[in-house]
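Novice: protein_39.cif is the file, holding mmCIF, C-alpha atoms:
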data_final
loop_
_atom_site.label_atom_id
_atom_site.label_comp_id
_atom_site.auth_asym_id
_atom_site.auth_seq_id
_atom_site.Cartn_x
_atom_site.Cartn_y
_atom_site.Cartn_z
CA MET A 1 13.12 -7.98 16.46
CA ARG A 2 12.22 -11.22 14.68
CA ILE A 3 10.10 -10.67 11.57
CA LEU A 4 7.82 -13.14 9.80
CA LEU A 5 7.28 -11.84 6.26
CA ILE A 6 4.31 -13.50 4.57
CA GLY A 7 4.46 -13.13 0.79
CA ALA A 8 7.55 -13.49 -1.39
CA GLY A 9 6.11 -11.77 -4.44
CA GLY A 10 7.22 -8.39 -5.76
CA VAL A 11 6.66 -6.29 -2.64
CA GLY A 12 7.78 -9.04 -0.26
CA GLY A 13 10.96 -9.64 -2.24
CA ALA A 14 11.71 -5.91 -2.36
CA PHE A 15 11.11 -5.63 1.39
CA ALA A 16 13.66 -8.38 2.08
CA ARG A 17 16.30 -6.77 -0.12
CA ILE A 18 15.76 -3.30 1.38
CA ALA A 19 15.64 -4.56 4.97
CA ALA A 20 18.89 -6.50 4.53
CA ARG A 21 20.71 -3.15 4.34
CA ARG A 22 19.69 -2.36 7.94
CA ASP A 23 20.66 -3.87 11.32
CA PHE A 24 17.49 -3.27 13.39
CA PHE A 25 16.27 -6.89 13.17
CA GLU A 26 17.68 -10.19 14.39
CA ALA A 27 15.96 -12.59 11.99
CA LEU A 28 13.66 -12.48 8.94
CA LEU A 29 11.67 -15.54 7.86
CA VAL A 30 10.36 -15.19 4.29
CA ALA A 31 7.23 -17.36 3.97
CA ASP A 32 5.07 -18.04 0.93
CA HIS A 33 2.64 -20.70 -0.29
CA ASP A 34 5.36 -21.44 -2.87
CA ALA A 35 8.42 -22.40 -0.82
CA GLY A 36 10.59 -22.17 -3.94
CA ARG A 37 9.69 -18.51 -4.42
CA ALA A 38 10.59 -17.77 -0.79
CA GLU A 39 13.93 -19.54 -1.25
CA ARG A 40 14.64 -17.51 -4.39
CA VAL A 41 14.11 -14.29 -2.46
CA VAL A 42 16.55 -15.40 0.23
CA ARG A 43 19.11 -16.33 -2.43
CA SER A 44 18.70 -12.98 -4.16
CA VAL A 45 19.39 -11.16 -0.89
CA ARG A 46 22.52 -13.22 -0.23
CA GLU A 47 23.77 -12.53 -3.75
CA ARG A 48 23.55 -8.80 -3.08
CA HIS A 49 24.73 -9.05 0.54
CA PRO A 50 27.29 -11.87 0.84
CA GLY A 51 27.48 -13.20 4.37
CA GLU A 52 23.86 -12.28 5.19
CA ARG A 53 22.55 -15.09 7.42
CA ARG A 54 19.56 -13.49 9.13
CA LEU A 55 17.12 -14.65 6.43
CA ARG A 56 15.49 -18.04 6.04
CA ALA A 57 12.65 -19.37 3.86
CA ALA A 58 9.52 -21.35 4.71
CA ARG A 59 6.15 -22.38 3.33
CA VAL A 60 2.85 -21.14 4.77
CA ASP A 61 -0.83 -21.18 3.83
CA ALA A 62 -1.83 -17.52 4.31
CA SER A 63 -5.52 -18.43 4.21
CA ASP A 64 -5.17 -20.47 7.43
CA ALA A 65 -4.91 -18.38 10.61
CA ARG A 66 -3.76 -21.42 12.60
CA ALA A 67 -0.93 -22.05 10.14
CA VAL A 68 0.17 -18.42 10.47
CA GLN A 69 -0.02 -18.68 14.26
CA ALA A 70 2.01 -21.90 14.33
CA LEU A 71 4.75 -20.56 12.05
CA ALA A 72 4.99 -17.29 14.00
CA ARG A 73 5.36 -19.19 17.26
CA GLU A 74 7.88 -21.62 15.81
CA HIS A 75 9.96 -18.71 14.53
CA ARG A 76 9.43 -16.75 17.78
CA ALA A 77 8.28 -13.85 15.62
CA THR A 78 7.84 -10.51 17.33
CA HIS A 79 6.32 -8.95 14.19
CA VAL A 80 4.30 -10.37 11.29
CA LEU A 81 4.36 -8.39 8.03
CA ASN A 82 1.58 -9.14 5.55
CA ALA A 83 2.78 -8.67 1.95
CA VAL A 84 0.08 -10.62 0.08
CA ASP A 85 -3.20 -9.72 -1.61
CA PRO A 86 -5.78 -8.15 0.74
CA ARG A 87 -8.06 -11.19 0.50
CA TRP A 88 -5.72 -12.86 3.01
CA VAL A 89 -5.59 -9.96 5.47
CA VAL A 90 -8.00 -11.39 8.03
CA PRO A 91 -6.40 -14.82 8.56
CA ILE A 92 -2.89 -13.33 8.80
CA PHE A 93 -4.17 -10.58 11.13
CA GLU A 94 -5.90 -13.17 13.33
CA GLY A 95 -2.94 -15.56 13.25
CA ALA A 96 -0.54 -12.83 14.39
CA LEU A 97 -2.77 -11.89 17.33
CA ALA A 98 -3.12 -15.53 18.38
CA ALA A 99 0.67 -15.90 18.26
CA GLY A 100 1.22 -12.84 20.47
CA ALA A 101 3.06 -10.93 17.73
CA ASP A 102 2.67 -7.39 16.46
CA TYR A 103 1.31 -7.04 12.93
CA LEU A 104 1.77 -4.74 9.91
CA ASP A 105 0.08 -4.69 6.53
CA MET A 106 0.07 -2.53 3.41
CA ALA A 107 -3.60 -3.04 2.49
CA MET A 108 -6.58 -3.60 4.75
CA SER A 109 -9.47 -6.05 4.94
CA LEU A 110 -11.77 -5.90 1.92
CA SER A 111 -14.96 -3.91 1.54
CA ARG A 112 -18.39 -5.09 0.45
CA PRO A 113 -20.64 -2.62 -1.42
CA HIS A 114 -23.93 -1.48 0.01
CA PRO A 115 -26.56 -4.02 -1.16
CA SER A 116 -29.08 -1.51 -2.50
CA ALA A 117 -27.22 1.80 -3.00
CA PRO A 118 -23.60 0.91 -3.85
CA HIS A 119 -22.83 4.26 -5.52
CA ALA A 120 -24.25 6.43 -2.76
CA ARG A 121 -23.79 4.66 0.58
CA THR A 122 -21.01 2.58 2.07
CA GLY A 123 -21.50 -1.06 3.00
CA VAL A 124 -18.68 -2.86 4.80
CA LYS A 125 -15.76 -0.47 4.51
CA LEU A 126 -12.09 -1.22 3.99
CA GLY A 127 -10.61 -2.16 7.36
CA ASP A 128 -13.93 -2.56 9.20
CA GLU A 129 -13.15 -6.17 10.09
CA GLN A 130 -9.81 -5.15 11.57
CA PHE A 131 -11.07 -2.15 13.55
CA ALA A 132 -13.78 -4.40 15.00
CA ARG A 133 -10.98 -6.32 16.79
CA ALA A 134 -9.18 -3.23 18.16
CA ALA A 135 -10.15 -3.93 21.77
CA ASP A 136 -8.73 -7.46 21.53
CA TRP A 137 -5.37 -6.11 20.35
CA GLU A 138 -5.39 -3.50 23.13
CA ARG A 139 -6.14 -6.11 25.81
CA ALA A 140 -3.29 -8.24 24.48
CA GLY A 141 -0.94 -5.24 24.55
CA ARG A 142 -0.08 -5.84 20.91
CA LEU A 143 0.06 -3.44 17.96
CA ALA A 144 -1.59 -3.92 14.58
CA LEU A 145 -0.21 -1.15 12.35
CA VAL A 146 -2.51 -1.19 9.34
CA GLY A 147 -2.09 0.47 5.95
CA MET A 148 1.70 0.89 6.22
CA GLY A 149 2.72 0.80 2.56
CA VAL A 150 3.03 3.82 0.29
CA GLU A 151 -0.68 4.45 -0.38
CA PRO A 152 -1.92 3.91 2.26
CA GLY A 153 1.10 4.48 4.46
CA LEU A 154 3.45 7.23 3.34
CA SER A 155 0.46 9.29 2.20
CA ASP A 156 -0.92 9.08 5.76
CA VAL A 157 2.48 10.08 7.17
CA PHE A 158 2.36 13.13 4.88
CA ALA A 159 -1.11 13.96 6.23
CA ARG A 160 0.14 13.92 9.81
CA TYR A 161 3.13 16.07 8.84
CA ALA A 162 0.88 18.61 7.12
CA ALA A 163 -1.47 18.80 10.11
CA ASP A 164 1.38 19.17 12.63
CA HIS A 165 3.74 21.48 10.76
CA LEU A 166 2.21 23.17 7.71
CA PHE A 167 -1.46 24.01 8.26
CA SER A 168 -3.66 25.61 10.90
CA GLU A 169 -6.81 24.57 9.02
CA ILE A 170 -7.18 21.89 6.33
CA ASP A 171 -9.79 21.97 3.61
CA GLU A 172 -8.84 18.81 1.70
CA LEU A 173 -6.45 15.91 2.15
CA GLY A 174 -6.27 14.51 -1.37
CA THR A 175 -4.00 11.59 -2.17
CA ARG A 176 -2.89 11.87 -5.81
CA ASP A 177 -0.89 9.12 -7.55
CA GLY A 178 0.58 9.34 -11.04
CA ALA A 179 3.41 7.97 -13.17
CA ASP A 180 4.98 8.06 -16.63
CA LEU A 181 6.00 4.40 -16.67
CA ARG A 182 6.37 2.45 -19.93
CA VAL A 183 6.88 -1.28 -20.40
CA LEU A 184 8.36 -2.56 -23.66
CA ASP A 185 8.28 -6.05 -25.16
CA GLU A 186 11.29 -7.83 -26.67
CA ASP A 187 10.79 -5.91 -29.93
CA GLY A 188 10.71 -2.52 -28.22
CA ARG A 189 6.95 -2.02 -28.52
CA GLU A 190 4.99 -0.63 -25.59
CA VAL A 191 2.68 -3.22 -24.01
CA PHE A 192 -0.14 -3.27 -21.47
CA ALA A 193 1.43 -4.56 -18.25
CA PRO A 194 0.19 -3.27 -14.86
CA SER A 195 3.05 -2.35 -12.54
CA PHE A 196 1.21 -3.65 -9.45
CA SER A 197 -0.96 -6.66 -8.63
CA ILE A 198 -3.80 -6.72 -11.18
CA TRP A 199 -5.97 -8.56 -8.64
CA THR A 200 -5.67 -5.64 -6.21
CA THR A 201 -5.92 -3.04 -8.97
CA ILE A 202 -9.22 -4.48 -10.20
CA GLU A 203 -10.53 -4.56 -6.64
CA GLU A 204 -9.79 -0.94 -5.82
CA CYS A 205 -10.65 0.53 -9.22
CA LEU A 206 -13.99 -1.19 -9.86
CA ASN A 207 -15.38 -1.00 -6.33
CA PRO A 208 -17.40 2.14 -5.53
CA PRO A 209 -14.91 4.89 -4.58
CA VAL A 210 -15.30 6.35 -1.09
CA VAL A 211 -15.17 10.07 -0.25
CA TRP A 212 -15.34 11.65 3.21
CA GLU A 213 -16.80 15.08 3.96
CA ARG A 214 -17.31 16.86 7.25
CA GLY A 215 -20.98 16.82 8.18
CA ARG A 216 -21.72 14.00 5.74
CA GLY A 217 -19.21 11.32 6.68
CA TRP A 218 -18.27 8.54 4.27
CA PHE A 219 -20.21 8.11 1.03
CA THR A 220 -19.59 6.44 -2.33
CA THR A 221 -19.63 7.49 -5.97
CA GLU A 222 -19.47 5.83 -9.39
CA PRO A 223 -16.13 4.25 -10.38
CA PHE A 224 -13.78 6.69 -12.19
CA SER A 225 -15.85 9.68 -11.06
CA GLU A 226 -14.78 13.34 -10.73
CA PRO A 227 -11.93 13.29 -13.30
CA GLU A 228 -9.35 16.03 -12.90
CA VAL A 229 -5.98 16.77 -14.47
CA PHE A 230 -3.22 16.87 -11.86
CA ASP A 231 0.26 18.16 -12.70
CA PHE A 232 2.82 15.79 -11.18
CA PRO A 233 6.43 16.80 -10.47
CA GLY A 234 9.62 15.06 -11.58
CA GLY A 235 8.92 15.46 -15.27
CA ILE A 236 5.75 13.33 -15.18
CA GLY A 237 3.50 16.29 -15.91
CA PRO A 238 -0.30 16.46 -16.28
CA VAL A 239 -2.19 13.19 -15.75
CA GLU A 240 -5.95 12.69 -15.56
CA CYS A 241 -6.88 11.30 -12.13
CA VAL A 242 -10.17 9.73 -11.03
CA ASN A 243 -11.78 8.63 -7.78
CA VAL A 244 -10.76 5.16 -6.63
CA GLU A 245 -11.57 3.21 -3.46
CA HIS A 246 -8.58 3.45 -1.12
CA GLU A 247 -7.74 3.11 2.56
CA GLU A 248 -6.56 6.70 3.13
CA VAL A 249 -10.13 7.96 2.91
CA LEU A 250 -11.11 5.47 5.62
CA LEU A 251 -8.11 6.25 7.85
CA MET A 252 -7.31 9.97 7.77
CA PRO A 253 -10.69 11.28 9.00
CA ARG A 254 -10.45 9.12 12.12
CA HIS A 255 -7.52 11.11 13.48
CA LEU A 256 -7.05 14.33 11.47
CA ASP A 257 -9.30 17.36 11.07
CA ALA A 258 -10.16 18.19 7.45
CA ARG A 259 -13.24 19.24 5.52
CA ARG A 260 -12.77 16.61 2.80
CA VAL A 261 -10.64 13.50 2.17
CA THR A 262 -10.22 11.93 -1.29
CA PHE A 263 -8.08 9.50 -3.26
CA LYS A 264 -7.54 9.89 -7.00
CA TYR A 265 -5.41 7.67 -9.20
CA GLY A 266 -3.81 8.61 -12.53
CA LEU A 267 -4.89 5.53 -14.48
CA GLY A 268 -4.97 6.85 -18.04
CA ALA A 269 -7.65 6.30 -20.69
CA GLU A 270 -6.27 2.96 -21.89
CA PHE A 271 -6.14 1.42 -18.41
CA ILE A 272 -9.66 2.64 -17.57
CA GLY A 273 -10.89 1.19 -20.86
CA VAL A 274 -9.35 -2.21 -20.06
CA LEU A 275 -10.89 -2.24 -16.58
CA LYS A 276 -14.32 -1.31 -17.95
CA THR A 277 -14.07 -4.12 -20.51
CA LEU A 278 -13.08 -6.66 -17.85
CA HIS A 279 -16.09 -5.59 -15.80
CA ALA A 280 -18.46 -5.72 -18.77
CA LEU A 281 -17.33 -9.29 -19.54
CA GLY A 282 -17.50 -10.40 -15.90
CA LEU A 283 -13.76 -11.04 -15.86
CA ASP A 284 -13.35 -9.00 -12.67
CA SER A 285 -15.40 -11.53 -10.70
CA THR A 286 -13.80 -13.53 -7.87
CA GLU A 287 -16.58 -16.14 -7.92
CA PRO A 288 -15.34 -19.42 -9.46
CA VAL A 289 -16.91 -20.60 -12.71
CA ASP A 290 -16.79 -24.00 -14.39
CA VAL A 291 -14.25 -24.27 -17.22
CA ARG A 292 -14.11 -27.76 -18.72
CA GLY A 293 -14.61 -29.36 -15.34
CA ALA A 294 -12.33 -27.01 -13.39
CA ARG A 295 -13.52 -24.31 -10.99
CA VAL A 296 -11.58 -21.07 -11.55
CA SER A 297 -12.02 -17.42 -10.65
CA PRO A 298 -12.15 -15.14 -13.73
CA ARG A 299 -10.02 -12.55 -11.94
CA ASP A 300 -7.38 -15.15 -11.16
CA VAL A 301 -7.31 -16.08 -14.86
CA VAL A 302 -6.75 -12.43 -15.83
CA ALA A 303 -3.91 -12.21 -13.31
CA ALA A 304 -2.35 -15.41 -14.63
CA CYS A 305 -2.44 -14.11 -18.22
CA LEU A 306 -0.55 -10.90 -17.41
CA PRO A 307 3.16 -10.69 -16.58
CA ASP A 308 4.16 -10.82 -12.92
CA PRO A 309 4.71 -7.13 -11.96
CA ALA A 310 7.88 -8.13 -10.09
CA THR A 311 9.48 -9.22 -13.39
CA LEU A 312 8.83 -5.98 -15.29
CA GLY A 313 11.74 -3.95 -13.93
CA PRO A 314 14.27 -4.64 -16.70
CA ARG A 315 11.69 -3.66 -19.38
CA MET A 316 10.27 -0.64 -17.52
CA SER A 317 11.29 3.00 -17.74
CA GLY A 318 10.10 6.19 -16.07
CA SER A 319 9.13 7.23 -12.57
CA THR A 320 6.25 6.81 -10.16
CA CYS A 321 4.98 9.54 -7.86
CA ALA A 322 2.92 9.04 -4.70
CA GLY A 323 1.78 12.07 -2.79
CA LEU A 324 -0.75 14.12 -0.87
CA TRP A 325 -2.28 17.34 -2.11
CA VAL A 326 -3.30 19.53 0.85
CA THR A 327 -5.31 22.76 0.77
CA GLY A 328 -6.34 25.08 3.56
CA ARG A 329 -4.72 27.78 5.67
CA GLY A 330 -1.08 27.74 6.65
CA THR A 331 0.25 28.32 10.13
CA ASP A 332 0.17 32.07 9.39
CA GLY A 333 -3.55 31.92 8.56
CA ALA A 334 -3.06 32.64 4.85
CA PRO A 335 -4.42 30.34 2.11
CA ARG A 336 -1.97 27.57 1.29
CA GLU A 337 -1.79 24.65 -1.13
CA VAL A 338 1.02 22.08 -1.17
CA TYR A 339 1.82 18.73 -2.72
CA LEU A 340 3.89 16.45 -0.48
CA HIS A 341 5.33 13.73 -2.67
CA HIS A 342 7.77 10.87 -3.09
CA LEU A 343 9.29 10.11 -6.50
CA VAL A 344 11.11 6.90 -7.39
CA ASP A 345 12.86 6.36 -10.71
CA ASN A 346 12.78 2.80 -12.01
CA ALA A 347 16.40 2.72 -13.14
CA TRP A 348 17.49 3.86 -9.66
CA SER A 349 15.46 1.26 -7.73
CA MET A 350 16.56 -1.52 -10.07
CA GLU A 351 20.21 -0.59 -9.63
CA ARG A 352 19.92 -0.18 -5.86
CA ASP A 353 17.84 -3.22 -4.87
CA GLY A 354 16.82 -5.09 -8.02
CA ALA A 355 13.18 -4.05 -7.63
CA GLN A 356 10.98 -2.11 -10.04
CA CYS A 357 10.00 1.29 -8.73
CA VAL A 358 6.35 0.68 -7.80
CA VAL A 359 7.06 -2.33 -5.60
CA TRP A 360 10.20 -0.67 -4.17
CA GLN A 361 8.23 2.43 -3.23
CA THR A 362 5.63 0.27 -1.49
CA ALA A 363 8.13 -1.97 0.31
CA VAL A 364 10.45 0.67 1.74
CA ASN A 365 7.78 2.10 4.04
CA PRO A 366 7.20 -0.96 6.27
CA VAL A 367 11.00 -1.25 6.53
CA VAL A 368 11.12 2.30 7.90
CA ALA A 369 8.16 1.69 10.23
CA LEU A 370 9.65 -1.52 11.64
CA GLU A 371 12.95 0.22 12.35
CA LEU A 372 11.13 3.02 14.20
CA LEU A 373 9.26 0.40 16.25
CA ALA A 374 12.51 -1.41 17.00
CA LEU A 375 14.09 1.86 18.17
CA GLY A 376 11.06 2.78 20.28
CA ARG A 377 10.46 5.96 18.26
CA TRP A 378 7.00 4.63 17.40
CA SER A 379 4.97 2.58 19.87
CA GLY A 380 1.40 1.73 20.80
CA SER A 381 -1.18 -1.02 21.12
CA GLY A 382 -4.47 -1.76 19.42
CA VAL A 383 -5.32 -1.31 15.75
CA MET A 384 -3.51 1.87 14.67
CA SER A 385 -2.71 3.63 11.40
CA PRO A 386 0.29 5.70 10.23
CA GLU A 387 -1.21 9.14 10.83
CA GLN A 388 -1.31 8.39 14.58
CA PHE A 389 2.51 8.53 14.81
CA ASP A 390 5.07 11.33 14.62
CA ALA A 391 5.87 11.88 10.94
CA VAL A 392 9.26 13.55 11.33
CA PRO A 393 11.40 10.51 12.31
CA PHE A 394 9.79 8.51 9.50
CA LEU A 395 10.49 11.11 6.82
CA ASP A 396 14.03 11.65 8.13
CA LEU A 397 14.83 7.92 7.98
CA LEU A 398 13.31 7.55 4.51
CA ALA A 399 15.37 10.40 3.09
CA GLY A 400 18.52 9.57 5.06
CA ALA A 401 19.33 5.88 5.48
CA HIS A 402 17.23 4.86 2.47
CA GLU A 403 18.52 7.64 0.19
CA SER A 404 15.00 8.37 -1.07
CA PRO A 405 14.06 12.00 -0.33
CA TRP A 406 10.53 13.30 -0.25
CA GLY A 407 9.45 16.66 -1.65
CA LEU A 408 7.20 19.58 -0.77
CA GLN A 409 5.88 21.58 -3.72
CA GLU A 410 4.14 24.86 -2.98
CA ARG A 411 1.26 25.60 -5.33
CA VAL A 412 -0.77 28.73 -5.96
CA PRO A 413 -4.04 28.38 -3.99
CA SER A 414 -6.97 27.96 -6.36
#
Go through the file and emit its structure as structure tokens.
Specialist:
Amino acid sequence: MRILLIGAGGVGGAFARIAARRDFFEALLVADHDAGRAERVVRSVRERHPGERRLRAARVDASDARAVQALAREHRATHVLNAVDPRWVVPIFEGALAAGADYLDMAMSLSRPHPSAPHARTGVKLGDEQFARAADWERAGRLALVGMGVEPGLSDVFARYAADHLFSEIDELGTRDGADLRVLDEDGREVFAPSFSIWTTIEECLNPPVVWERGRGWFTTEPFSEPEVFDFPGGIGPVECVNVEHEEVLLMPRHLDARRVTFKYGLGAEFIGVLKTLHALGLDSTEPVDVRGARVSPRDVVAACLPDPATLGPRMSGSTCAGLWVTGRGTDGAPREVYLHHLVDNAWSMERDGAQCVVWQTAVNPVVALELLALGRWSGSGVMSPEQFDAVPFLDLLAGAHESPWGLQERVPS
């Protein structure tokens, strides 16, 4: 397996450091629009793994499908992993297909709200542009494994596991994400510093959230709707969660039988307040505006003013929890409610791979998926998502080789 990794930011860098521990691949080319950043990732891997020579660095323009195609062919890439913002999904996706390589991403092509009823009806949904090309991938005999991060990704693996092994009938598949992370400045004061890409966070939190219900299909609601307090394990405790647009709701109903599918994120009152202010001021916009003769996107300015999430690890404490809350009837026919979850402590991930916990938790999942593909435990062609594959080998590899166990918490049915 020869991997072309596009994106040397936080998740891309964590992927390279985690993958270097494994022997399933022959070569890994780390490519970024900033060649220096790609080179720094390669150096960081070699510092932790002296003698590692499978990694090289390169420059690529991720917005240019032909550039992606050319680099993949030059590298003889068998797999292209997209680790950049979702605005570049389509050109990387198209470039991989043109190069005859398989493809993986951790976020799907962007949505566009319904023009007249954005908080009631869907417009262009997340991933629609990719699923529209499914027949082309099938004819080429190539696999595009979409949404293979943590959420989406591991959450979808949990959904498949629940459907295959825990439930005879599912009422709700509800992804629930929460954390107790704190970031301190040099003086020990807590500061506002998102632990993941603010560009992506604005996109998913301010777009109309999508919900799926049997008999109704996909529909949208107001941002931050249906607040609920969810009690997270691992000492995190109760966190208020709200509806957010996310790929799981667009993926799970395609292949799994449930009455309802939701995604709720534990943002916290301060974070929601910041996002609402950005929206009120127009600072969430991606449309360039004139600033003293320069054309800049307000959202890009916001991202540039905040710390790079990849650099926060040394100043961060706490844990992050990604998981799937499932209700319905167990295999014995009795009511059942469980929370399948994955906890990562920041101190642990920093010590192990020099990556803060949120990016580590995202990056480990495509490493696991690629190893399963290399071993032939997972296979297929077309545009596919994680819940279409056997969950057991994935969960076993995550908990075993990667020393990061998942949990199953039984809850009293409500």
Novice: I need the residue nearest Ala355 of chain A from this list: A:Ala310, A:Val41, A:Cys205, A:Met252. Use all atoms listed in the file for the distance.
Specialist: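 Answer, going by the shortest atom-to-atom distance: A:Ala310.
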Novice: Mind checking which residues fall within 9 Å of Arg37 of chain A, counting all atoms listed in the file, ignoring those fewer than 6 positions away in the same chain, and posting them as a ChimeraX atom specification?
Specialist: /A:8-9,31,57
Novice: Would you work out the distance separating atom CA of Ala27 of chain A from atom CA of Arg53 of chain A, expressed in Å to one decimal?
Specialist: 8.4 Å
Novice: Can you spell out as a PyMOL selection string the set of residues that the PyMOL selection byres ((chain A and resi 221-233) around 6) selects in the structure I just provided?
Specialist: chain A and resi 119-120+206+208-209+220+234-243
Novice: Pick the closest to Glu410 of chain A from A:Val367, A:Leu166, A:Val261, A:Val183: which is it, counting only C-alpha atoms?
Specialist: A:Leu166
Novice: Have a look at A:Leu408, A:Leu375, A:Leu104, A:Ile92 and name the one nearest to Asp23 of chain A; count only C-alpha atoms.
Specialist: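 Closest residue, counting only C-alpha atoms: A:Leu375.
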Novice: Using all atoms listed in the file, find the one residue out of A:Ala38, A:Ala96, A:Leu145, A:Val301 that sits nearest to Leu373 of chain A.
Specialist: A:Leu145
Novice: Apply the PyMOL selection byres ((chain A and resi 218) around 12) to the displayed file and report the matching residues as an MDAnalysis selection string.
Specialist: chainID A and resid 119:126 208:217 219:221 245 247:254 259:262
Novice: What is the distance between atom CA of Val11 of chain A and atom CA of Ala162 of chain A, in Å to one decimal?
Specialist: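 Atom-to-atom, atom CA of Val11 of chain A and atom CA of Ala162 of chain A are spaced 27.4 Å apart.
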Novice: Write out as JSON lines a residue-level contact list of segment 100-219 of chain A versus segment 79-90 of chain A with cut-off 9 Å: for each qualifying residue the closest pair of atoms and the distance in Å to one decimal, counting all atoms listed in the file, rows sorted by chain and residue number upward.
Specialist:
{"residue": "A:Gly100", "atom": "CA", "partner": "A:His79", "partner_atom": "CA", "distance": 9.0}
{"residue": "A:Ala101", "atom": "CA", "partner": "A:His79", "partner_atom": "CA", "distance": 5.2}
{"residue": "A:Asp102", "atom": "CA", "partner": "A:His79", "partner_atom": "CA", "distance": 4.6}
{"residue": "A:Tyr103", "atom": "CA", "partner": "A:Val80", "partner_atom": "CA", "distance": 4.8}
{"residue": "A:Leu104", "atom": "CA", "partner": "A:Leu81", "partner_atom": "CA", "distance": 4.9}
{"residue": "A:Asp105", "atom": "CA", "partner": "A:Asn82", "partner_atom": "CA", "distance": 4.8}
{"residue": "A:Met106", "atom": "CA", "partner": "A:Ala83", "partner_atom": "CA", "distance": 6.9}
{"residue": "A:Ala107", "atom": "CA", "partner": "A:Pro86", "partner_atom": "CA", "distance": 5.8}
{"residue": "A:Met108", "atom": "CA", "partner": "A:Pro86", "partner_atom": "CA", "distance": 6.1}
{"residue": "A:Ser109", "atom": "CA", "partner": "A:Val89", "partner_atom": "CA", "distance": 5.5}
{"residue": "A:Leu110", "atom": "CA", "partner": "A:Pro86", "partner_atom": "CA", "distance": 6.5}
{"residue": "A:Glu129", "atom": "CA", "partner": "A:Val90", "partner_atom": "CA", "distance": 7.6}
{"residue": "A:Gln130", "atom": "CA", "partner": "A:Val90", "partner_atom": "CA", "distance": 7.4}
{"residue": "A:Ser197", "atom": "CA", "partner": "A:Asp85", "partner_atom": "CA", "distance": 8.0}
{"residue": "A:Trp199", "atom": "CA", "partner": "A:Asp85", "partner_atom": "CA", "distance": 7.6}
{"residue": "A:Thr200", "atom": "CA", "partner": "A:Asp85", "partner_atom": "CA", "distance": 6.6}
Novice: Take the residues that were just selected and, keeping C-alpha atoms, output them as a PDB file, keeping the file's coordinate frame.
Specialist:
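Just written: again15.pdb:
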ATOM      1  CA  GLY A 100       1.220 -12.840  20.470  1.00  0.00           C
ATOM      2  CA  ALA A 101       3.060 -10.930  17.730  1.00  0.00           C
ATOM      3  CA  ASP A 102       2.670  -7.390  16.460  1.00  0.00           C
ATOM      4  CA  TYR A 103       1.310  -7.040  12.930  1.00  0.00           C
ATOM      5  CA  LEU A 104       1.770  -4.740   9.910  1.00  0.00           C
ATOM      6  CA  ASP A 105       0.080  -4.690   6.530  1.00  0.00           C
ATOM      7  CA  MET A 106       0.070  -2.530   3.410  1.00  0.00           C
ATOM      8  CA  ALA A 107      -3.600  -3.040   2.490  1.00  0.00           C
ATOM      9  CA  MET A 108      -6.580  -3.600   4.750  1.00  0.00           C
ATOM     10  CA  SER A 109      -9.470  -6.050   4.940  1.00  0.00           C
ATOM     11  CA  LEU A 110     -11.770  -5.900   1.920  1.00  0.00           C
ATOM     12  CA  GLU A 129     -13.150  -6.170  10.090  1.00  0.00           C
ATOM     13  CA  GLN A 130      -9.810  -5.150  11.570  1.00  0.00           C
ATOM     14  CA  SER A 197      -0.960  -6.660  -8.630  1.00  0.00           C
ATOM     15  CA  TRP A 199      -5.970  -8.560  -8.640  1.00  0.00           C
ATOM     16  CA  THR A 200      -5.670  -5.640  -6.210  1.00  0.00           C
TER      17      THR A 200
END
Novice: Give the answer as one residue: which of A:Val392, A:Val364, A:Leu97, A:Val30 has the shortest atom-to-atom distance to Ile18 of chain A, using only C-alpha atoms?
Specialist: A:Val364
Novice: Atom CA of Phe158 of chain A and atom CA of Asp332 of chain A, how far apart in Å?
Specialist: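 Atom-to-atom, atom CA of Asp332 of chain A and atom CA of Phe158 of chain A are spaced 19.6 Å apart.
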Novice: Considering only C-alpha atoms, return as a ChimeraX atom specification whatever protein or nucleic-acid residues lie within 12 Å of Ala334 of chain A, sequence-local ones (same chain, fewer than 6 positions apart) excluded.
Specialist: /A:166-170,327-328,412-413
Novice: Out of A:Ala19, A:Val191, A:Ile3, A:Ala70, which residue has the shortest atom-to-atom distance to Ala401 of chain A when counting only C-alpha atoms?
Specialist: A:Ala19
Novice: Would you kindly identify which residues have an atom no farther than 6 Å from (2.8, 20.1, -1.7), using all atoms listed in the file and the file's own coordinates, and write them out as a list in words?
Specialist: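 Residues lying no farther than 6 Å from the given point: Trp325, Val338, Tyr339, Leu340, Leu408, Gln409 and Glu410 of chain A.
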Novice: Take the residues just selected and output them with C-alpha atoms as a PDB file, in the coordinates of the input.
Specialist:
ATOM      1  CA  TRP A 325      -2.280  17.340  -2.110  1.00  0.00           C
ATOM      2  CA  VAL A 338       1.020  22.080  -1.170  1.00  0.00           C
ATOM      3  CA  TYR A 339       1.820  18.730  -2.720  1.00  0.00           C
ATOM      4  CA  LEU A 340       3.890  16.450  -0.480  1.00  0.00           C
ATOM      5  CA  LEU A 408       7.200  19.580  -0.770  1.00  0.00           C
ATOM      6  CA  GLN A 409       5.880  21.580  -3.720  1.00  0.00           C
ATOM      7  CA  GLU A 410       4.140  24.860  -2.980  1.00  0.00           C
TER       8      GLU A 410
END
Novice: Expand the PyMOL selection byres ((chain A and resi 285) around 7) into the explicit residue set it covers here, and present it as a list in words.
Specialist: Gly282, Leu283, Asp284, Thr286, Glu287, Ser297, Pro298 and Arg299 of chain A
Novice: Neighbouring residues of segment 175-178 of chain A were defined as those with any atom within 7 Å, considering only C-alpha atoms; residues of the same chain fewer than 3 positions away were excluded. Please report them as an MDAnalysis selection string.
Specialist: chainID A and resid 155 232 239 262:266 320:325
